[in-house]
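Below: one structure, written as structure tokens.
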Amino acid sequence: MRLIKCPRCELNYITPEEGYCKICKREMKGESQHEEIELCTVCNEAPALPGKDVCLFCLKEMNANQEREEEENEARVDEASLGIDPVSAMDEIIPEIDEDIPPREYDEIESDLSLEEMGEEEAEDEDEEDEE
């Protein structure tokens with residue numbers, strides 16, 4: 001079965017026997033185009049808003065529920081933050097380094113991990129590579 005475009009609107013496809021598409025036939029007869037009314041997907045009673053799949057009432061309900069949830073989440077965050085002082089929590093997390101490592105060894109470790117020295121070494125390595 002081969003389909004062709006409607007000769008009147010050139011949008012819809014029809015069989016050669018039809019002559020015109022259903023939409024053009026309806027327009028030529030003068031019938032008004034009846035659009036199907038979409039019902040709300042939540043309540044299935046009221047017509048849905050244009051461009052949405054829910055009715056006005058359900059949309060308002062959804063927005064109100066969302067606002068309530070946001071307020072509850074904010075209240076939970078506030079309650080949680082009241083229980084812990086961020087500065088004191090940091091003191092608890094950071095271990096006392098001086099007790100575990102003798103001062104002389106600590107200085108050696110610190111010098112081995114020094115960012116300044118590492119930067120200087122990288123610069124020297126780059127200079128050597130450039131000279132070669």
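Ligands are numbered from 1 in the order shown, residues from 1 within each chain, and chains are lettered A, B, ... in the order they appear in the structure tokens.
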- Contacts of Ile14 in chain A at 9 Å (only C-alpha atoms; same-chain gap of 4+ positions) as a ChimeraX atom specification: /A:2-6,18-22
Take the residues just selected and output them with C-alpha atoms as a PDB file, in the first residue's frame.
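Dumped to result_29.pdb:
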```
ATOM      1  CA  ARG A   2       1.511   3.287  -1.118  1.00  0.00           C
ATOM      2  CA  LEU A   3       0.791   6.551   0.687  1.00  0.00           C
ATOM      3  CA  ILE A   4       0.760  10.038  -0.802  1.00  0.00           C
ATOM      4  CA  LYS A   5       0.503  13.496   0.726  1.00  0.00           C
ATOM      5  CA  CYS A   6      -2.890  15.166   0.833  1.00  0.00           C
ATOM      6  CA  GLU A  18      -9.151   8.799  -0.406  1.00  0.00           C
ATOM      7  CA  GLY A  19      -8.619  12.040  -2.305  1.00  0.00           C
ATOM      8  CA  TYR A  20      -8.179  14.239   0.808  1.00  0.00           C
ATOM      9  CA  CYS A  21      -7.167  13.624   4.398  1.00  0.00           C
ATOM     10  CA  LYS A  22      -9.757  13.481   7.203  1.00  0.00           C
TER      11      LYS A  22
END
```
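The space separating CA of Cys43 in chain A from CA of Phe57 in chain A comes to 9.4 Å.
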- Task: Mind checking which residues fall within 12 Å of Glu45 in chain A, counting only C-alpha atoms, ignoring those fewer than 2 positions away in the same chain, and posting them as a PyMOL selection string?
- Result: chain A and resi 37-43+47-48+54-58
- Message: Report, in Å to a single decimal, how far apart CA of Glu36 in chain A and CA of Cys9 in chain A are.
- Response: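 Separating CA of Cys9 in chain A from CA of Glu36 in chain A is a distance of 21.5 Å.
Taking CA of Pro7 in chain A as the reference point, CA of Glu27 in chain A is found at 14.0 Å.
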